[in-house]
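A.B. asks: File follows, my_file_30.txt with compact mmCIF, C-alpha atoms:
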```txt
# COMPACT_ATOMS: atom_id res chain seq x y z
CA MET A 299 26.71 -3.42 3.34
CA GLN A 300 29.21 -5.10 1.05
CA ASP A 301 27.38 -7.62 -1.10
CA THR A 302 24.22 -7.25 -3.12
CA VAL A 303 21.17 -8.67 -1.34
CA LYS A 304 18.90 -10.43 -3.84
CA LEU A 305 15.22 -11.20 -3.35
CA HIS A 306 12.85 -13.09 -5.64
CA PHE A 307 9.05 -13.33 -5.50
CA ASP A 308 6.41 -15.15 -7.53
CA VAL A 309 3.16 -13.19 -7.70
CA SER A 310 -0.07 -15.11 -8.33
CA GLY A 311 -2.64 -13.65 -10.68
CA ASN A 312 -6.07 -12.58 -9.46
CA ASP A 313 -5.18 -13.37 -5.85
CA PHE A 314 -5.67 -10.24 -3.80
CA THR A 315 -5.08 -12.07 -0.54
CA CYS A 316 -1.38 -12.49 -1.36
CA ALA A 317 -0.92 -9.13 -3.10
CA GLY A 318 1.31 -6.94 -0.99
CA GLU A 319 3.40 -9.81 0.37
CA ALA A 320 6.40 -9.02 -1.81
CA SER A 321 6.33 -5.29 -1.03
CA GLY A 322 5.87 -6.07 2.67
CA LYS A 323 8.89 -8.38 2.71
CA ILE A 324 11.01 -5.90 0.73
CA LYS A 325 10.04 -3.19 3.21
CA ARG A 326 11.04 -5.34 6.19
CA THR A 327 14.35 -6.32 4.56
CA LEU A 328 15.26 -2.70 3.75
CA LYS A 329 14.38 -1.65 7.30
CA GLN A 330 16.54 -4.42 8.74
CA LEU A 331 19.42 -3.34 6.52
CA GLY A 332 19.14 0.13 8.03
CA PHE A 333 17.99 2.15 5.02
CA ASP A 334 16.42 5.55 5.60
CA ILE A 335 12.71 5.29 6.46
CA SER A 336 11.57 7.54 3.59
CA LEU A 337 13.55 5.48 1.06
CA VAL A 338 11.98 2.32 2.48
CA ARG A 339 8.51 3.82 2.18
CA ASN A 340 9.11 4.99 -1.41
CA VAL A 341 10.35 1.59 -2.55
CA ALA A 342 7.52 -0.23 -0.76
CA ILE A 343 4.79 1.97 -2.27
CA ALA A 344 6.20 1.68 -5.80
CA VAL A 345 6.54 -2.10 -5.57
CA TYR A 346 3.07 -2.50 -4.04
CA GLU A 347 1.49 -0.55 -6.91
CA ALA A 348 3.41 -2.59 -9.49
CA GLU A 349 2.55 -5.82 -7.69
CA ILE A 350 -1.17 -4.94 -7.67
CA ASN A 351 -0.97 -4.10 -11.38
CA MET A 352 0.43 -7.58 -12.02
CA VAL A 353 -2.41 -9.18 -10.08
CA ILE A 354 -5.14 -7.10 -11.76
CA HIS A 355 -3.93 -6.97 -15.34
CA ALA A 356 -1.37 -9.68 -16.02
CA ASP A 357 -2.29 -12.87 -14.13
CA GLY A 358 0.77 -12.51 -11.93
CA GLY A 359 4.47 -12.52 -12.67
CA VAL A 360 7.88 -12.44 -11.01
CA ILE A 361 9.70 -9.76 -9.03
CA ASP A 362 13.48 -9.59 -8.62
CA VAL A 363 15.12 -7.15 -6.26
CA ASP A 364 18.80 -6.20 -6.03
CA ILE A 365 19.69 -4.25 -2.93
CA ASP A 366 23.02 -2.43 -3.02
CA SER A 367 24.10 0.18 -0.50
CA ASP A 368 23.71 2.96 -3.10
CA CYS A 369 20.78 1.70 -5.20
CA ILE A 370 17.69 -0.52 -4.98
CA THR A 371 16.75 -2.08 -8.33
CA VAL A 372 13.41 -3.85 -8.78
CA VAL A 373 12.49 -5.73 -11.97
CA LEU A 374 8.85 -6.80 -12.34
CA LYS A 375 8.16 -9.12 -15.23
CA ASP A 376 4.79 -10.42 -16.38
CA ARG A 377 3.32 -12.30 -19.31
CA GLY A 378 0.20 -10.16 -19.44
CA PRO A 379 -1.49 -8.47 -22.39
CA GLY A 380 0.98 -5.57 -22.57
CA ILE A 381 0.22 -1.83 -22.37
CA PRO A 382 -1.08 -0.47 -25.71
CA ASP A 383 -0.59 3.22 -24.89
CA ILE A 384 1.98 3.92 -22.17
CA GLU A 385 1.41 7.68 -22.26
CA LEU A 386 -2.30 7.18 -21.57
CA ALA A 387 -1.58 4.59 -18.87
CA MET A 388 0.73 7.10 -17.17
CA LYS A 389 -2.06 9.68 -16.94
CA GLU A 390 -3.41 10.14 -13.40
CA GLY A 391 -6.98 8.89 -13.20
CA TYR A 392 -6.85 6.69 -16.32
CA SER A 393 -7.64 3.08 -15.48
CA THR A 394 -8.72 -0.10 -17.26
CA ALA A 395 -9.35 -1.98 -13.99
CA PRO A 396 -12.63 -3.94 -13.97
CA GLU A 397 -15.53 -3.12 -11.63
CA ASN A 398 -14.82 -5.94 -9.13
CA VAL A 399 -11.31 -4.56 -8.62
CA ARG A 400 -12.62 -1.02 -8.14
CA MET A 401 -14.92 -2.29 -5.40
CA LEU A 402 -11.77 -3.31 -3.49
CA GLY A 403 -10.49 0.26 -3.59
CA PHE A 404 -8.18 -0.11 -6.58
CA GLY A 405 -8.48 1.24 -10.10
CA ALA A 406 -8.01 4.91 -9.21
CA GLY A 407 -5.67 5.27 -12.16
CA MET A 408 -2.81 6.17 -9.83
CA GLY A 409 -0.71 3.03 -10.10
CA LEU A 410 1.88 3.95 -12.73
CA PRO A 411 1.94 7.66 -11.75
CA ASN A 412 2.64 6.63 -8.14
CA ILE A 413 5.41 4.27 -9.24
CA LYS A 414 7.05 7.09 -11.19
CA LYS A 415 6.60 9.53 -8.32
CA TYR A 416 8.31 7.27 -5.79
CA THR A 417 11.25 6.08 -7.86
CA ASP A 418 14.27 7.81 -9.40
CA GLU A 419 14.09 5.79 -12.60
CA MET A 420 11.25 3.83 -14.17
CA ASN A 421 11.54 1.98 -17.43
CA ILE A 422 8.58 0.19 -19.05
CA ASP A 423 9.29 -2.42 -21.69
CA THR A 424 6.01 -3.75 -23.07
CA VAL A 425 5.05 -5.92 -26.03
CA ILE A 426 1.39 -6.49 -26.86
CA GLY A 427 0.41 -10.11 -26.29
CA VAL A 428 3.81 -10.97 -24.80
CA GLY A 429 4.11 -9.06 -21.54
CA THR A 430 5.53 -6.14 -19.66
CA THR A 431 8.77 -5.66 -17.77
CA ILE A 432 9.07 -2.69 -15.46
CA THR A 433 12.47 -1.76 -14.07
CA LEU A 434 12.62 0.58 -11.11
CA LYS A 435 15.59 2.23 -9.46
CA VAL A 436 15.71 4.14 -6.21
CA TYR A 437 19.05 5.67 -5.24
CA ASN A 438 20.26 5.91 -1.68
CA LYS A 439 21.37 9.54 -1.61
CA MET B 46 -2.46 11.80 21.74
CA ASP B 47 -2.18 8.03 21.53
CA VAL B 48 -4.61 5.54 20.04
CA LYS B 49 -5.87 4.55 23.50
CA GLU B 50 -6.99 8.13 24.14
CA LEU B 51 -8.58 8.30 20.70
CA VAL B 52 -10.56 5.13 21.45
CA GLU B 53 -11.75 6.46 24.81
CA LYS B 54 -12.62 9.99 23.71
CA LEU B 55 -14.43 8.97 20.52
CA ASN B 56 -15.94 5.80 21.94
CA LEU B 57 -14.45 3.58 19.23
CA THR B 58 -14.62 -0.22 19.16
CA VAL B 59 -11.27 -2.02 19.03
CA LEU B 60 -11.39 -4.81 16.43
CA CYS B 61 -7.72 -5.63 16.40
CA SER B 62 -4.69 -5.08 18.65
CA ASP B 63 -4.49 -4.58 22.39
CA GLU B 64 -1.38 -2.42 22.25
CA LEU B 65 -2.80 1.06 21.77
CA GLY B 66 0.19 3.18 22.74
CA ARG B 67 0.97 4.39 19.22
CA LYS B 68 0.88 8.17 18.79
CA VAL B 69 -1.73 9.74 16.51
CA THR B 70 -0.31 12.82 14.85
CA GLY B 71 -2.83 13.48 12.09
CA CYS B 72 -5.79 12.16 10.13
CA TYR B 73 -6.46 11.06 6.55
CA CYS B 74 -9.83 10.17 4.99
CA GLY B 75 -10.08 8.09 1.82
CA ASP B 76 -11.14 4.83 0.25
CA LEU B 77 -9.06 4.71 -2.93
CA LEU B 78 -6.02 2.74 -1.84
CA SER B 79 -3.48 4.30 -4.20
CA TRP B 80 -4.42 7.78 -3.00
CA VAL B 81 -4.18 6.74 0.61
CA MET B 82 -0.86 4.99 0.11
CA SER B 83 0.78 8.02 -1.44
CA ARG B 84 -0.85 10.77 0.61
CA ALA B 85 -1.54 9.48 4.12
CA LYS B 86 1.27 10.34 6.51
CA GLU B 87 3.01 8.22 9.07
CA GLY B 88 1.09 8.45 12.34
CA ASP B 89 -2.24 9.42 10.74
CA ALA B 90 -5.50 7.89 11.86
CA TRP B 91 -6.88 6.58 8.55
CA LEU B 92 -10.65 6.87 8.23
CA THR B 93 -12.18 4.58 5.61
CA VAL B 94 -15.02 2.20 4.78
CA MET B 95 -12.62 -0.24 3.11
CA GLY B 96 -12.19 -3.21 5.43
CA ASN B 97 -10.58 -5.70 3.05
CA ILE B 98 -7.18 -7.36 3.18
CA ASN B 99 -5.60 -4.76 0.91
CA SER B 100 -6.48 -1.98 3.35
CA ILE B 101 -4.24 -3.71 5.87
CA GLY B 102 -1.41 -3.83 3.32
CA VAL B 103 -1.81 -0.11 2.65
CA ALA B 104 -1.89 0.67 6.39
CA VAL B 105 1.42 -1.18 6.81
CA LEU B 106 3.04 0.54 3.83
CA ALA B 107 1.87 4.01 4.79
CA ASP B 108 2.73 3.43 8.48
CA VAL B 109 -0.55 4.93 9.68
CA ALA B 110 -1.22 4.86 13.44
CA CYS B 111 -4.51 3.01 13.02
CA ILE B 112 -7.42 2.29 10.69
CA VAL B 113 -10.82 3.61 11.76
CA LEU B 114 -13.66 1.88 9.91
CA THR B 115 -16.42 4.46 9.82
CA GLU B 116 -20.20 3.99 9.44
CA ASN B 117 -19.84 0.48 10.87
CA ALA B 118 -18.05 -0.76 7.74
CA ALA B 119 -17.23 -4.47 7.83
CA LEU B 120 -13.78 -5.92 8.44
CA ASP B 121 -13.27 -9.09 6.38
CA ASP B 122 -12.03 -12.21 8.21
CA ASP B 123 -8.83 -12.43 6.16
CA ALA B 124 -8.23 -8.72 6.75
CA LEU B 125 -8.52 -9.26 10.52
CA MET B 126 -6.03 -12.11 10.29
CA ARG B 127 -3.58 -9.99 8.28
CA ALA B 128 -4.02 -7.09 10.72
CA LYS B 129 -3.13 -9.38 13.64
CA GLN B 130 -0.05 -10.70 11.81
CA ASN B 131 1.17 -7.17 11.07
CA ASP B 132 0.17 -5.49 14.35
CA VAL B 133 -2.19 -3.08 12.61
CA ILE B 134 -4.68 -1.42 14.95
CA VAL B 135 -8.21 -1.53 13.52
CA LEU B 136 -11.03 0.43 15.15
CA ARG B 137 -14.68 0.91 14.28
CA THR B 138 -17.39 3.50 14.78
CA ASP B 139 -20.97 4.06 13.64
CA LYS B 140 -20.19 7.72 12.91
CA ASN B 141 -19.17 8.90 9.44
CA SER B 142 -15.68 10.01 8.40
CA TYR B 143 -16.54 13.73 8.58
CA GLU B 144 -17.71 13.48 12.19
CA ILE B 145 -14.66 11.49 13.28
CA ALA B 146 -12.21 13.71 11.37
CA ALA B 147 -13.75 16.81 12.93
CA ALA B 148 -13.49 15.25 16.39
CA ILE B 149 -9.84 14.24 15.82
CA SER B 150 -9.08 17.78 14.67
CA ARG B 151 -10.32 19.08 18.04
CA LEU B 152 -8.17 16.56 19.92
CA ILE B 153 -4.75 16.95 18.28
```
Before anything else, please render the file you have as structure tokens.
C.D. replies:
Amino acid sequence: MQDTVKLHFDVSGNDFTCAGEASGKIKRTLKQLGFDISLVRNVAIAVYEAEINMVIHADGGVIDVDIDSDCITVVLKDRGPGIPDIELAMKEGYSTAPENVRMLGFGAGMGLPNIKKYTDEMNIDTVIGVGTTITLKVYNK
Amino acid sequence: MDVKELVEKLNLTVLCSDELGRKVTGCYCGDLLSWVMSRAKEGDAWLTVMGNINSIGVAVLADVACIVLTENAALDDDALMRAKQNDVIVLRTDKNSYEIAAAISRLI
């Protein structure tokens, strides 16, 4: 693979029927490009969690993916309320998801911990009232 | 064991997919999607009562062999549509997850 493959997705807020489309397409693209199955799974899980977070907490956002042969970079940007306490949000089991979302099987407080677990690098840039940008990197070792 | 054998031996109802040749190599029970996504293994039969569209997304991401909706849990219309689009096998039973997991354990 010589050139960077770029993907862009718009994620709608509060629309659980479309949530998962971006991660599904990223997964298919990585598979087609011949990446290792466990790398594909890790990227897909991390992006799905981040995508769901955008739908639940931030009224949607945009996802940009750069696929290079040695590294997958995913930038998820929203204009949501921001994360007041990142350390707390990173704690397994801590969730601010509302009841209707929990009824769908989300809100286990595993979103951010899962994203960290399945990526090599995770950077959260958040400003209260402005939004959150999460940058993820997974290296092809 | 493949999904077809699982369906026959446990008397499961097939809600989606007529291609049941996929191998079942394990089993995972759970309804919290983030847990399932990160812990279910490829080839597992996933036992759950969550029959919404996001369950299908999780099944695709985790590469499970099939979803088994236990205790006659409902499959939403949009979930059925998504399952068809993504070739996800969805089965149903009136038994609970413990009974089905125990039966799968005896079969594999």
A.B. asks: Compile the residues of chain B that lie within 10 Å of chain A, evaluated using only C-alpha atoms, and express the compilation as a count of residues only.
C.D. replies: 28
A.B. asks: Which value, in Å to one decimal, gives the distance between atom CA of B:Asp89 and atom CA of A:Thr417?
C.D. replies: 23.2 Å
A.B. asks: Name the residues in contact with B:Cys61 at a cut-off of 12 Å, using all atoms listed in the file, excluding same-chain residues fewer than 5 positions from it; report them as a list in words.
C.D. replies: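 My list of contacting residues is Ile101, Cys111, Ile112, Val113, Leu114, Leu120, Asp121, Asp122, Ala124, Leu125, Met126, Arg127, Ala128, Lys129, Gln130, Asn131, Asp132, Val133, Ile134, Val135, Leu136 and Arg137 of chain B.
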A.B. asks: Counting all atoms listed in the file, what is within 12 Å of stretch 139-149 of chain B, bar same-chain residues fewer than 4 positions away, as an MDAnalysis selection string?
C.D. replies: chainID B and resid 46:48 50:52 54:58 69:76 89:95 112:119 153
A.B. asks: I'd like the interatomic distance between atom CA of A:Ile365 and atom CA of A:Val353, to a tenth of an Å.
C.D. replies: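 Atom CA of A:Ile365 sits 23.7 Å away from atom CA of A:Val353.
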A.B. asks: Between atom CA of A:Ile324 and atom CA of A:Leu410, measure the distance and give it in Å to one decimal.
C.D. replies: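 Result for atom CA of A:Ile324 versus atom CA of A:Leu410: 19.0 Å, one decimal.
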A.B. asks: Contacts of A:Ile354 at 12 Å or less, counting only C-alpha atoms, minus same-chain residues fewer than 2 places along, as a PyMOL selection string?
C.D. replies: chain A and resi 309-314+317+347-352+356-359+376+378-379+393-400+402+404-405+409
A.B. asks: Of the residues B:Arg151, B:Leu60, B:Gly66, B:Arg84, which is the one nearest to B:Ala110, using all atoms listed in the file?
C.D. replies: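 Of B:Arg151, B:Leu60, B:Gly66, B:Arg84, the one nearest B:Ala110 is B:Gly66, counting all atoms listed in the file.
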A.B. asks: Please determine, counting only C-alpha atoms, which residue among A:Ile335, A:Cys369, A:Val360, A:Ala387 has the shortest atom-to-atom distance to A:Thr431.
C.D. replies: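 Between A:Ile335, A:Cys369, A:Val360, A:Ala387, the residue approaching A:Thr431 most closely is A:Val360.
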A.B. asks: Using all atoms listed in the file, collect all residues at a distance of at most 12 Å from (16.3, 1.3, -19.8) as written in the file, then present them as a list in words.
C.D. replies: Thr371, Val373, Glu419, Met420, Asn421, Ile422, Asp423, Thr424, Thr431, Ile432, Thr433, Leu434 and Lys435 of chain A
